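Source file upload_7.pdb; content: PDB, C-alpha atoms, pLDDT in the B column.
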```pdb
ATOM      1  CA  MET L1084      -7.098  19.021  -9.826  1.00 46.00           C
ATOM      2  CA  ASN L1085      -7.176  15.304 -10.495  1.00 50.00           C
ATOM      3  CA  ARG L1086     -10.626  13.825  -9.890  1.00 58.00           C
ATOM      4  CA  ASN L1087      -9.050  11.102  -7.788  1.00 73.00           C
ATOM      5  CA  HIS L1088      -7.145  13.517  -5.582  1.00 83.00           C
ATOM      6  CA  PRO L1089      -7.747  12.709  -1.896  1.00 79.00           C
ATOM      7  CA  SER L1090      -9.347  16.110  -1.294  1.00 88.00           C
ATOM      8  CA  MET L1091     -11.962  15.409  -3.962  1.00 93.00           C
ATOM      9  CA  GLU L1092     -12.550  11.908  -2.654  1.00 94.00           C
ATOM     10  CA  LEU L1093     -12.899  13.207   0.898  1.00 95.00           C
ATOM     11  CA  ASN L1094     -15.342  15.922  -0.177  1.00 94.00           C
ATOM     12  CA  LYS L1095     -17.461  13.267  -1.866  1.00 95.00           C
ATOM     13  CA  LEU L1096     -17.306  11.038   1.212  1.00 94.00           C
ATOM     14  CA  GLN L1097     -18.305  13.915   3.493  1.00 95.00           C
ATOM     15  CA  MET L1098     -21.272  14.759   1.284  1.00 95.00           C
ATOM     16  CA  GLU L1099     -22.457  11.150   1.429  1.00 94.00           C
ATOM     17  CA  LEU L1100     -21.875  11.041   5.183  1.00 91.00           C
ATOM     18  CA  SER L1101     -23.864  14.214   5.781  1.00 90.00           C
ATOM     19  CA  LYS L1102     -26.895  12.512   4.194  1.00 92.00           C
ATOM     20  CA  CYS L1103     -26.547   9.249   6.136  1.00 85.00           C
ATOM     21  CA  ARG L1104     -29.733   8.292   8.011  1.00 91.00           C
ATOM     22  CA  GLN L1105     -29.269   4.540   8.360  1.00 85.00           C
ATOM     23  CA  CYS L1106     -29.520   4.623  12.180  1.00 84.00           C
ATOM     24  CA  GLN L1107     -32.700   6.702  12.293  1.00 86.00           C
ATOM     25  CA  GLU L1108     -34.998   3.779  13.065  1.00 82.00           C
ATOM     26  CA  SER L1109     -32.838   2.471  15.911  1.00 80.00           C
ATOM     27  CA  PHE L1110     -32.232   5.961  17.315  1.00 79.00           C
ATOM     28  CA  GLY L1111     -35.876   7.003  17.207  1.00 79.00           C
ATOM     29  CA  TYR L1112     -34.915  10.481  15.971  1.00 82.00           C
ATOM     30  CA  GLN L1113     -33.247  11.941  12.890  1.00 84.00           C
ATOM     31  CA  PRO L1114     -29.465  11.484  12.995  1.00 82.00           C
ATOM     32  CA  HIS L1115     -27.296  14.550  12.540  1.00 85.00           C
ATOM     33  CA  PRO L1116     -23.824  13.581  11.251  1.00 88.00           C
ATOM     34  CA  ILE L1117     -21.126  15.908  12.576  1.00 89.00           C
ATOM     35  CA  ILE L1118     -18.230  16.558  10.190  1.00 90.00           C
ATOM     36  CA  GLN L1119     -15.268  18.927  10.315  1.00 94.00           C
ATOM     37  CA  GLY L1120     -11.957  19.038   8.524  1.00 96.00           C
ATOM     38  CA  HIS L1121     -10.050  19.199   5.265  1.00 96.00           C
ATOM     39  CA  TYR L1122      -7.938  16.437   3.793  1.00 95.00           C
ATOM     40  CA  ASN L1123      -4.685  18.217   4.756  1.00 96.00           C
ATOM     41  CA  ALA L1124      -5.612  18.960   8.396  1.00 98.00           C
ATOM     42  CA  LYS L1125      -2.510  18.656  10.559  1.00 98.00           C
ATOM     43  CA  ILE L1126      -4.200  16.793  13.414  1.00 98.00           C
ATOM     44  CA  MET L1127      -6.832  14.080  13.147  1.00 98.00           C
ATOM     45  CA  GLN L1128      -8.718  13.799  16.405  1.00 98.00           C
ATOM     46  CA  ILE L1129     -10.940  10.749  16.914  1.00 97.00           C
ATOM     47  CA  SER L1130     -13.304  10.320  19.858  1.00 94.00           C
ATOM     48  CA  GLN L1131     -16.382   8.211  20.656  1.00 90.00           C
ATOM     49  CA  ALA L1132     -19.463  10.097  19.435  1.00 85.00           C
ATOM     50  CA  PRO L1133     -21.024  13.577  19.563  1.00 81.00           C
ATOM     51  CA  SER L1134     -22.923  14.592  22.698  1.00 75.00           C
ATOM     52  CA  LYS L1135     -26.535  15.773  22.746  1.00 81.00           C
ATOM     53  CA  SER L1136     -25.296  19.379  22.838  1.00 74.00           C
ATOM     54  CA  VAL L1137     -23.200  18.791  19.726  1.00 79.00           C
ATOM     55  CA  HIS L1138     -26.176  17.066  18.065  1.00 71.00           C
ATOM     56  CA  GLU L1139     -28.228  20.217  18.651  1.00 78.00           C
ATOM     57  CA  THR L1140     -25.605  22.774  17.604  1.00 74.00           C
ATOM     58  CA  GLY L1141     -23.819  20.848  14.866  1.00 68.00           C
ATOM     59  CA  LYS L1142     -20.477  21.997  16.274  1.00 86.00           C
ATOM     60  CA  PRO L1143     -18.041  19.266  17.399  1.00 87.00           C
ATOM     61  CA  PHE L1144     -17.000  19.307  21.060  1.00 90.00           C
ATOM     62  CA  HIS L1145     -19.331  22.240  21.730  1.00 88.00           C
ATOM     63  CA  ASP L1146     -19.895  21.097  25.318  1.00 88.00           C
ATOM     64  CA  ALA L1147     -18.218  20.876  28.725  1.00 88.00           C
ATOM     65  CA  SER L1148     -15.827  18.169  27.492  1.00 90.00           C
ATOM     66  CA  GLY L1149     -14.794  20.328  24.551  1.00 92.00           C
ATOM     67  CA  ARG L1150     -14.160  23.387  26.678  1.00 93.00           C
ATOM     68  CA  ARG L1151     -11.905  21.403  28.973  1.00 94.00           C
ATOM     69  CA  LEU L1152     -10.113  19.851  26.020  1.00 96.00           C
ATOM     70  CA  ARG L1153      -9.437  23.181  24.292  1.00 95.00           C
ATOM     71  CA  GLN L1154      -8.888  25.476  27.240  1.00 95.00           C
ATOM     72  CA  GLU L1155      -7.226  23.294  29.894  1.00 95.00           C
ATOM     73  CA  TRP L1156      -5.529  20.524  27.936  1.00 97.00           C
ATOM     74  CA  TYR L1157      -4.600  21.942  24.537  1.00 98.00           C
ATOM     75  CA  ARG L1158      -4.647  25.606  25.611  1.00 98.00           C
ATOM     76  CA  ILE L1159      -5.661  26.773  22.169  1.00 98.00           C
ATOM     77  CA  SER L1160      -8.328  29.169  20.954  1.00 97.00           C
ATOM     78  CA  ASP L1161     -11.655  28.133  19.468  1.00 95.00           C
ATOM     79  CA  GLU L1162     -10.446  29.641  16.179  1.00 97.00           C
ATOM     80  CA  ILE L1163      -7.550  27.187  16.063  1.00 97.00           C
ATOM     81  CA  PHE L1164      -9.576  24.166  17.156  1.00 97.00           C
ATOM     82  CA  TYR L1165     -12.330  24.799  14.635  1.00 96.00           C
ATOM     83  CA  ASN L1166      -9.940  25.575  11.768  1.00 97.00           C
ATOM     84  CA  PRO L1167     -10.517  22.697   9.295  1.00 97.00           C
ATOM     85  CA  ASP L1168      -6.957  23.039   8.002  1.00 97.00           C
ATOM     86  CA  LEU L1169      -5.609  22.337  11.493  1.00 98.00           C
ATOM     87  CA  PHE L1170      -8.036  19.847  13.051  1.00 98.00           C
ATOM     88  CA  TYR L1171      -9.948  17.046  11.400  1.00 98.00           C
ATOM     89  CA  ILE L1172     -12.483  16.106  14.063  1.00 96.00           C
ATOM     90  CA  ALA L1173     -13.902  12.620  13.648  1.00 95.00           C
ATOM     91  CA  SER L1174     -15.428   9.983  15.892  1.00 93.00           C
ATOM     92  CA  MET L1175     -16.305   6.309  16.052  1.00 92.00           C
ATOM     93  CA  ALA L1176     -19.861   7.368  15.268  1.00 89.00           C
ATOM     94  CA  HIS L1177     -20.634  10.708  13.664  1.00 90.00           C
ATOM     95  CA  CYS L1178     -24.060  11.102  15.270  1.00 87.00           C
ATOM     96  CA  TYR L1179     -25.305  11.381  18.840  1.00 85.00           C
ATOM     97  CA  PRO L1180     -26.275   7.782  19.743  1.00 77.00           C
ATOM     98  CA  GLY L1181     -28.811   8.693  22.442  1.00 75.00           C
ATOM     99  CA  LYS L1182     -28.886   8.601  26.215  1.00 78.00           C
ATOM    100  CA  GLY L1183     -27.657   5.425  27.875  1.00 68.00           C
ATOM    101  CA  SER L1184     -29.215   3.644  30.831  1.00 69.00           C
ATOM    102  CA  GLY L1185     -26.616   5.124  33.171  1.00 67.00           C
ATOM    103  CA  LYS L1186     -25.103   8.604  33.344  1.00 67.00           C
ATOM    104  CA  GLY L1187     -23.432   8.477  29.953  1.00 67.00           C
ATOM    105  CA  ASP L1188     -24.574   8.110  26.355  1.00 72.00           C
ATOM    106  CA  LYS L1189     -25.127   4.884  24.431  1.00 76.00           C
ATOM    107  CA  ARG L1190     -22.210   3.252  22.691  1.00 79.00           C
ATOM    108  CA  PRO L1191     -21.891   4.276  19.043  1.00 74.00           C
ATOM    109  CA  PRO L1192     -23.144   1.887  16.343  1.00 79.00           C
ATOM    110  CA  LYS L1193     -20.234  -0.118  14.948  1.00 82.00           C
ATOM    111  CA  ILE L1194     -21.470   0.314  11.383  1.00 84.00           C
ATOM    112  CA  CYS L1195     -20.360   3.955  11.395  1.00 85.00           C
ATOM    113  CA  SER L1196     -16.650   3.314  11.911  1.00 83.00           C
ATOM    114  CA  LYS L1197     -16.740   0.546   9.303  1.00 87.00           C
ATOM    115  CA  GLN L1198     -18.548   2.589   6.689  1.00 88.00           C
ATOM    116  CA  TRP L1199     -17.140   6.086   7.220  1.00 90.00           C
ATOM    117  CA  LEU L1200     -14.244   6.431   9.665  1.00 94.00           C
ATOM    118  CA  ARG L1201     -11.955   3.937   7.969  1.00 93.00           C
ATOM    119  CA  ARG L1202     -12.226   5.845   4.697  1.00 94.00           C
ATOM    120  CA  GLU L1203     -11.661   9.175   6.420  1.00 95.00           C
ATOM    121  CA  ILE L1204      -8.433   7.873   7.923  1.00 96.00           C
ATOM    122  CA  GLU L1205      -7.295   6.697   4.492  1.00 95.00           C
ATOM    123  CA  LEU L1206      -8.028  10.040   2.822  1.00 95.00           C
ATOM    124  CA  VAL L1207      -6.891  12.596   5.409  1.00 96.00           C
ATOM    125  CA  ASP L1208      -3.221  13.529   5.065  1.00 96.00           C
ATOM    126  CA  ASN L1209      -2.691  14.431   8.716  1.00 98.00           C
ATOM    127  CA  GLN L1210       0.587  14.575  10.628  1.00 98.00           C
ATOM    128  CA  MET L1211      -0.662  13.528  14.089  1.00 98.00           C
ATOM    129  CA  PHE L1212      -3.453  11.446  15.595  1.00 98.00           C
ATOM    130  CA  ILE L1213      -5.159  12.183  18.901  1.00 98.00           C
ATOM    131  CA  ILE L1214      -7.427   9.401  20.160  1.00 98.00           C
ATOM    132  CA  ILE L1215      -9.900  10.363  22.885  1.00 96.00           C
ATOM    133  CA  GLY L1216     -11.602   7.978  25.296  1.00 93.00           C
ATOM    134  CA  SER L1217     -11.385   4.286  26.095  1.00 92.00           C
ATOM    135  CA  TYR L1218     -13.903   3.226  23.444  1.00 92.00           C
ATOM    136  CA  ALA L1219     -11.855   4.719  20.595  1.00 95.00           C
ATOM    137  CA  ALA L1220      -8.609   3.550  22.203  1.00 96.00           C
ATOM    138  CA  GLN L1221      -9.844  -0.043  22.311  1.00 95.00           C
ATOM    139  CA  TYR L1222     -10.770   0.130  18.637  1.00 94.00           C
ATOM    140  CA  PHE L1223      -7.313   1.193  17.506  1.00 96.00           C
ATOM    141  CA  PHE L1224      -5.272  -0.599  20.169  1.00 97.00           C
ATOM    142  CA  PRO L1225      -7.265  -3.716  21.118  1.00 96.00           C
ATOM    143  CA  GLY L1226      -6.187  -5.436  24.298  1.00 95.00           C
ATOM    144  CA  GLU L1227      -4.414  -2.366  25.678  1.00 96.00           C
ATOM    145  CA  LYS L1228      -5.886  -0.397  28.579  1.00 95.00           C
ATOM    146  CA  ILE L1229      -6.458   3.347  28.563  1.00 95.00           C
ATOM    147  CA  THR L1230      -4.552   3.599  31.853  1.00 95.00           C
ATOM    148  CA  THR L1231      -1.457   2.420  29.974  1.00 97.00           C
ATOM    149  CA  LEU L1232      -2.076   4.054  26.609  1.00 98.00           C
ATOM    150  CA  ALA L1233      -2.580   7.503  28.111  1.00 97.00           C
ATOM    151  CA  PHE L1234       1.021   7.544  29.320  1.00 97.00           C
ATOM    152  CA  ILE L1235       2.916   6.259  26.278  1.00 97.00           C
ATOM    153  CA  ASP L1236       3.642   7.512  22.780  1.00 97.00           C
ATOM    154  CA  LYS L1237       2.142   5.394  20.006  1.00 98.00           C
ATOM    155  CA  GLU L1238       2.064   5.427  16.200  1.00 97.00           C
ATOM    156  CA  MET L1239      -0.679   4.886  13.656  1.00 96.00           C
ATOM    157  CA  ASN L1240       0.135   4.747   9.960  1.00 95.00           C
ATOM    158  CA  GLY L1241       3.655   5.893  10.821  1.00 96.00           C
ATOM    159  CA  LYS L1242       2.377   9.073  12.503  1.00 97.00           C
ATOM    160  CA  PRO L1243       2.740  10.098  16.171  1.00 98.00           C
ATOM    161  CA  THR L1244      -0.374   9.189  18.114  1.00 98.00           C
ATOM    162  CA  TYR L1245      -1.482  10.300  21.558  1.00 98.00           C
ATOM    163  CA  ILE L1246      -4.295   8.693  23.523  1.00 98.00           C
ATOM    164  CA  LEU L1247      -6.291  10.775  25.984  1.00 98.00           C
ATOM    165  CA  PRO L1248      -8.881   9.731  28.536  1.00 96.00           C
ATOM    166  CA  HIS L1249     -12.211  11.394  27.864  1.00 93.00           C
ATOM    167  CA  PRO L1250     -12.345  14.941  29.308  1.00 92.00           C
ATOM    168  CA  SER L1251     -15.987  14.450  30.319  1.00 87.00           C
ATOM    169  CA  PRO L1252     -17.061  15.582  33.816  1.00 84.00           C
ATOM    170  CA  LEU L1253     -18.291  11.984  34.249  1.00 83.00           C
ATOM    171  CA  ASN L1254     -14.660  10.823  34.143  1.00 89.00           C
ATOM    172  CA  MET L1255     -13.427  12.727  37.191  1.00 90.00           C
ATOM    173  CA  LYS L1256     -12.553   9.607  39.206  1.00 93.00           C
ATOM    174  CA  TRP L1257      -9.975   8.583  36.585  1.00 94.00           C
ATOM    175  CA  PHE L1258      -8.178  11.907  36.935  1.00 94.00           C
ATOM    176  CA  LYS L1259      -8.213  11.714  40.730  1.00 95.00           C
ATOM    177  CA  ASP L1260      -6.717   8.226  40.528  1.00 96.00           C
ATOM    178  CA  HIS L1261      -4.060   9.292  37.978  1.00 96.00           C
ATOM    179  CA  PRO L1262      -2.938  12.829  38.899  1.00 96.00           C
ATOM    180  CA  GLN L1263       0.314  12.380  36.976  1.00 96.00           C
ATOM    181  CA  PHE L1264      -1.653  12.574  33.737  1.00 96.00           C
ATOM    182  CA  MET L1265      -2.425  16.262  34.213  1.00 95.00           C
ATOM    183  CA  GLU L1266       0.876  16.975  35.947  1.00 96.00           C
ATOM    184  CA  GLU L1267       3.248  15.264  33.509  1.00 95.00           C
ATOM    185  CA  ARG L1268       1.575  13.826  30.434  1.00 97.00           C
ATOM    186  CA  ILE L1269      -0.672  16.664  29.280  1.00 97.00           C
ATOM    187  CA  PRO L1270       2.164  19.249  29.245  1.00 97.00           C
ATOM    188  CA  LYS L1271       4.167  16.977  26.915  1.00 97.00           C
ATOM    189  CA  ILE L1272       1.238  16.378  24.563  1.00 98.00           C
ATOM    190  CA  ARG L1273       0.344  20.073  24.596  1.00 98.00           C
ATOM    191  CA  LYS L1274       3.912  20.953  23.623  1.00 98.00           C
ATOM    192  CA  GLU L1275       3.771  18.537  20.663  1.00 98.00           C
ATOM    193  CA  ILE L1276       0.459  20.044  19.523  1.00 98.00           C
ATOM    194  CA  HIS L1277       1.746  23.612  19.769  1.00 98.00           C
ATOM    195  CA  GLN L1278       4.929  22.769  17.872  1.00 98.00           C
ATOM    196  CA  LEU L1279       2.998  21.091  15.078  1.00 98.00           C
ATOM    197  CA  LEU L1280       0.529  23.974  14.808  1.00 97.00           C
ATOM    198  CA  GLU L1281       3.377  26.517  15.137  1.00 95.00           C
ATOM    199  CA  ILE L1282       1.719  28.460  17.950  1.00 91.00           C
TER     200      ILE L1282
END
```
Would you mind writing the structure in this file as structure tokens?
Amino acid sequence: MNRNHPSMELNKLQMELSKCRQCQESFGYQPHPIIQGHYNAKIMQISQAPSKSVHETGKPFHDASGRRLRQEWYRISDEIFYNPDLFYIASMAHCYPGKGSGKGDKRPPKICSKQWLRREIELVDNQMFIIIGSYAAQYFFPGEKITTLAFIDKEMNGKPTYILPHPSPLNMKWFKDHPQFMEERIPKIRKEIHQLLEI
């Protein structure tokens, strides 16, 4: 295989990322970069940052948000979700950023998306993007609100892109205010996911 093949470049990037500790001083604990996916994963899913539970287990979306995402929204098995040939799971920051002053976690350091995520997007040969949460949505679609983005089809790099509100239990008010998301939008997105994954 050519040394410059995207899979080789991505492997190298992931190895460097796994050793990244540049936020350790600001975090006050040792960062734990969370990485999953091969260069040819069919879906690239990008969210905000790993939770404390994910930080402890090293498994992306291994928390209440992840269970809702897999079981209620996607309706796929853990085996499918954690298959690196099917899902490349990335985030604006690859490490748990710490507890925020309110109910949620701190915002992810911007340096992470600049240093790592941009290169991941360049190297992964995915067929679909799924963007999760308002923070990630604002990064890719500045000036557009999640309440609008969640209901329309978008494109990134010429590939179909779907934007989801965060499935966190802390986000329940959004779902109560927008019941049509679960009633109409999620079934459409789920159908697109199933067709792409051939399940």
Explicit residues for the PyMOL selection byres ((chain L and resi 1209) around 12) (as a ChimeraX atom specification): /L:1089,1120-1128,1167-1172,1203-1208,1210-1213,1239-1244,1279-1280
Pick from L:Met1175, L:Val1137, L:Leu1152, L:Ile1163 nearest to Pro1250 of chain L, counting all atoms listed in the file: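 Between L:Met1175, L:Val1137, L:Leu1152, L:Ile1163, the residue approaching Pro1250 of chain L most closely is L:Leu1152.
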Residue nearest Ser1130 of chain L - candidates L:Pro1270, L:Phe1164, L:Ser1174, L:Glu1281, atoms counted: all atoms listed in the file: L:Ser1174
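Taking only C-alpha atoms into account, the protein, DNA and RNA residues within 10 Å of (-14.4, 9.0, 30.6) read Ser1148, Gly1187, Ile1215, Gly1216, Ser1217, Tyr1218, Ile1229, Leu1247, Pro1248, His1249, Pro1250, Ser1251, Pro1252, Leu1253, Asn1254, Met1255, Lys1256, Trp1257 and Phe1258 of chain L.
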For the residues in that selection, give me C-alpha atoms as a PDB file, keeping the file's coordinate frame.
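Result file result.pdb:
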```pdb
ATOM      1  CA  SER L1148     -15.827  18.169  27.492  1.00 90.00           C
ATOM      2  CA  GLY L1187     -23.432   8.477  29.953  1.00 67.00           C
ATOM      3  CA  ILE L1215      -9.900  10.363  22.885  1.00 96.00           C
ATOM      4  CA  GLY L1216     -11.602   7.978  25.296  1.00 93.00           C
ATOM      5  CA  SER L1217     -11.385   4.286  26.095  1.00 92.00           C
ATOM      6  CA  TYR L1218     -13.903   3.226  23.444  1.00 92.00           C
ATOM      7  CA  ILE L1229      -6.458   3.347  28.563  1.00 95.00           C
ATOM      8  CA  LEU L1247      -6.291  10.775  25.984  1.00 98.00           C
ATOM      9  CA  PRO L1248      -8.881   9.731  28.536  1.00 96.00           C
ATOM     10  CA  HIS L1249     -12.211  11.394  27.864  1.00 93.00           C
ATOM     11  CA  PRO L1250     -12.345  14.941  29.308  1.00 92.00           C
ATOM     12  CA  SER L1251     -15.987  14.450  30.319  1.00 87.00           C
ATOM     13  CA  PRO L1252     -17.061  15.582  33.816  1.00 84.00           C
ATOM     14  CA  LEU L1253     -18.291  11.984  34.249  1.00 83.00           C
ATOM     15  CA  ASN L1254     -14.660  10.823  34.143  1.00 89.00           C
ATOM     16  CA  MET L1255     -13.427  12.727  37.191  1.00 90.00           C
ATOM     17  CA  LYS L1256     -12.553   9.607  39.206  1.00 93.00           C
ATOM     18  CA  TRP L1257      -9.975   8.583  36.585  1.00 94.00           C
ATOM     19  CA  PHE L1258      -8.178  11.907  36.935  1.00 94.00           C
TER      20      PHE L1258
END
```
Distance of atom CA of Leu1100 of chain L from atom CA of Gln1113 of chain L, expressed in Å to one decimal place: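 Taking atom CA of Gln1113 of chain L as the start and atom CA of Leu1100 of chain L as the end point, the length is 13.8 Å.
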Atom CA of Asn1094 of chain L to atom CA of Ile1159 of chain L, straight-line distance in Å: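 Interatomic distance, atom CA of Ile1159 of chain L to atom CA of Asn1094 of chain L: 26.7 Å.
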Atomic distance atom CA of Lys1095 of chain L - atom CA of Ile1118 of chain L, expressed in Å with one decimal: 12.5 Å
Produce the centre coordinates and the three edge lengths, each in Å to one decimal, of the box along x, y and z that contains all listed atoms of segment 1239-1248 of chain L with 6 Å added on each side, as AutoDock Vina command-line options.
```
--center_x -2.6 --center_y 7.8 --center_z 19.2 --size_x 24.5 --size_y 18.0 --size_z 30.6
```
Nearest to Asp1188 of chain L by atom-to-atom distance, counting all atoms listed in the file, from L:Asp1236, L:Asn1166, L:His1145, L:Ser1134: L:Ser1134
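Closest approach to Cys1178 of chain L from the set L:Ser1101, L:Gln1154, L:Gln1221, L:Gln1198 is made by L:Ser1101, with distances taken over all atoms listed in the file.
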All heavy atoms for segment 1135-1144 of chain L, written as a PDB file, in the frame of the given file, could you do that?
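The resulting file, result-v7.pdb, is reproduced below:
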```
ATOM      1  N   LYS L1135     -25.238  15.206  23.107  1.00 81.00           N
ATOM      2  CA  LYS L1135     -26.535  15.773  22.746  1.00 81.00           C
ATOM      3  C   LYS L1135     -26.401  17.245  22.391  1.00 81.00           C
ATOM      4  O   LYS L1135     -27.041  17.739  21.459  1.00 81.00           O
ATOM      5  CB  LYS L1135     -27.526  15.617  23.901  1.00 81.00           C
ATOM      6  CG  LYS L1135     -28.927  16.080  23.548  1.00 81.00           C
ATOM      7  CD  LYS L1135     -29.906  15.846  24.689  1.00 81.00           C
ATOM      8  CE  LYS L1135     -31.306  16.290  24.297  1.00 81.00           C
ATOM      9  NZ  LYS L1135     -32.280  16.101  25.411  1.00 81.00           N
ATOM     10  N   SER L1136     -25.526  17.960  23.122  1.00 74.00           N
ATOM     11  CA  SER L1136     -25.296  19.379  22.838  1.00 74.00           C
ATOM     12  C   SER L1136     -24.731  19.573  21.440  1.00 74.00           C
ATOM     13  O   SER L1136     -25.141  20.471  20.703  1.00 74.00           O
ATOM     14  CB  SER L1136     -24.342  19.975  23.881  1.00 74.00           C
ATOM     15  OG  SER L1136     -24.016  21.308  23.567  1.00 74.00           O
ATOM     16  N   VAL L1137     -23.796  18.717  21.062  1.00 79.00           N
ATOM     17  CA  VAL L1137     -23.200  18.791  19.726  1.00 79.00           C
ATOM     18  C   VAL L1137     -24.246  18.424  18.668  1.00 79.00           C
ATOM     19  O   VAL L1137     -24.304  19.035  17.594  1.00 79.00           O
ATOM     20  CB  VAL L1137     -21.968  17.856  19.637  1.00 79.00           C
ATOM     21  CG1 VAL L1137     -21.459  17.775  18.214  1.00 79.00           C
ATOM     22  CG2 VAL L1137     -20.872  18.350  20.579  1.00 79.00           C
ATOM     23  N   HIS L1138     -25.078  17.451  18.970  1.00 71.00           N
ATOM     24  CA  HIS L1138     -26.176  17.066  18.065  1.00 71.00           C
ATOM     25  C   HIS L1138     -27.078  18.269  17.771  1.00 71.00           C
ATOM     26  O   HIS L1138     -27.521  18.476  16.641  1.00 71.00           O
ATOM     27  CB  HIS L1138     -26.988  15.945  18.710  1.00 71.00           C
ATOM     28  CG  HIS L1138     -28.273  15.615  18.017  1.00 71.00           C
ATOM     29  ND1 HIS L1138     -28.322  14.852  16.871  1.00 71.00           N
ATOM     30  CD2 HIS L1138     -29.561  15.962  18.306  1.00 71.00           C
ATOM     31  CE1 HIS L1138     -29.595  14.727  16.491  1.00 71.00           C
ATOM     32  NE2 HIS L1138     -30.356  15.390  17.336  1.00 71.00           N
ATOM     33  N   GLU L1139     -27.320  19.074  18.796  1.00 78.00           N
ATOM     34  CA  GLU L1139     -28.228  20.217  18.651  1.00 78.00           C
ATOM     35  C   GLU L1139     -27.578  21.406  17.955  1.00 78.00           C
ATOM     36  O   GLU L1139     -28.233  22.125  17.208  1.00 78.00           O
ATOM     37  CB  GLU L1139     -28.741  20.627  20.036  1.00 78.00           C
ATOM     38  CG  GLU L1139     -29.639  19.568  20.677  1.00 78.00           C
ATOM     39  CD  GLU L1139     -29.946  19.837  22.136  1.00 78.00           C
ATOM     40  OE1 GLU L1139     -29.292  20.746  22.722  1.00 78.00           O
ATOM     41  OE2 GLU L1139     -30.832  19.155  22.698  1.00 78.00           O
ATOM     42  N   THR L1140     -26.282  21.604  18.180  1.00 74.00           N
ATOM     43  CA  THR L1140     -25.605  22.774  17.604  1.00 74.00           C
ATOM     44  C   THR L1140     -24.907  22.481  16.286  1.00 74.00           C
ATOM     45  O   THR L1140     -24.677  23.393  15.485  1.00 74.00           O
ATOM     46  CB  THR L1140     -24.557  23.330  18.584  1.00 74.00           C
ATOM     47  OG1 THR L1140     -23.534  22.333  18.796  1.00 74.00           O
ATOM     48  CG2 THR L1140     -25.187  23.693  19.926  1.00 74.00           C
ATOM     49  N   GLY L1141     -24.549  21.211  16.071  1.00 68.00           N
ATOM     50  CA  GLY L1141     -23.819  20.848  14.866  1.00 68.00           C
ATOM     51  C   GLY L1141     -22.344  21.190  14.933  1.00 68.00           C
ATOM     52  O   GLY L1141     -21.623  21.063  13.937  1.00 68.00           O
ATOM     53  N   LYS L1142     -21.874  21.579  16.115  1.00 86.00           N
ATOM     54  CA  LYS L1142     -20.477  21.997  16.274  1.00 86.00           C
ATOM     55  C   LYS L1142     -19.746  20.977  17.147  1.00 86.00           C
ATOM     56  O   LYS L1142     -20.123  20.777  18.312  1.00 86.00           O
ATOM     57  CB  LYS L1142     -20.427  23.382  16.915  1.00 86.00           C
ATOM     58  CG  LYS L1142     -19.101  24.089  16.782  1.00 86.00           C
ATOM     59  CD  LYS L1142     -19.242  25.545  17.221  1.00 86.00           C
ATOM     60  CE  LYS L1142     -17.953  26.314  16.981  1.00 86.00           C
ATOM     61  NZ  LYS L1142     -18.086  27.741  17.343  1.00 86.00           N
ATOM     62  N   PRO L1143     -18.717  20.310  16.620  1.00 87.00           N
ATOM     63  CA  PRO L1143     -18.041  19.266  17.399  1.00 87.00           C
ATOM     64  C   PRO L1143     -17.415  19.780  18.691  1.00 87.00           C
ATOM     65  O   PRO L1143     -16.871  20.877  18.741  1.00 87.00           O
ATOM     66  CB  PRO L1143     -16.971  18.740  16.437  1.00 87.00           C
ATOM     67  CG  PRO L1143     -16.789  19.810  15.414  1.00 87.00           C
ATOM     68  CD  PRO L1143     -18.115  20.488  15.289  1.00 87.00           C
ATOM     69  N   PHE L1144     -17.547  18.992  19.740  1.00 90.00           N
ATOM     70  CA  PHE L1144     -17.000  19.307  21.060  1.00 90.00           C
ATOM     71  C   PHE L1144     -17.478  20.667  21.580  1.00 90.00           C
ATOM     72  O   PHE L1144     -16.767  21.358  22.281  1.00 90.00           O
ATOM     73  CB  PHE L1144     -15.469  19.224  21.054  1.00 90.00           C
ATOM     74  CG  PHE L1144     -14.975  17.820  21.294  1.00 90.00           C
ATOM     75  CD1 PHE L1144     -14.765  16.954  20.232  1.00 90.00           C
ATOM     76  CD2 PHE L1144     -14.743  17.357  22.573  1.00 90.00           C
ATOM     77  CE1 PHE L1144     -14.338  15.646  20.442  1.00 90.00           C
ATOM     78  CE2 PHE L1144     -14.310  16.063  22.804  1.00 90.00           C
ATOM     79  CZ  PHE L1144     -14.104  15.204  21.738  1.00 90.00           C
TER      80      PHE L1144
END
```
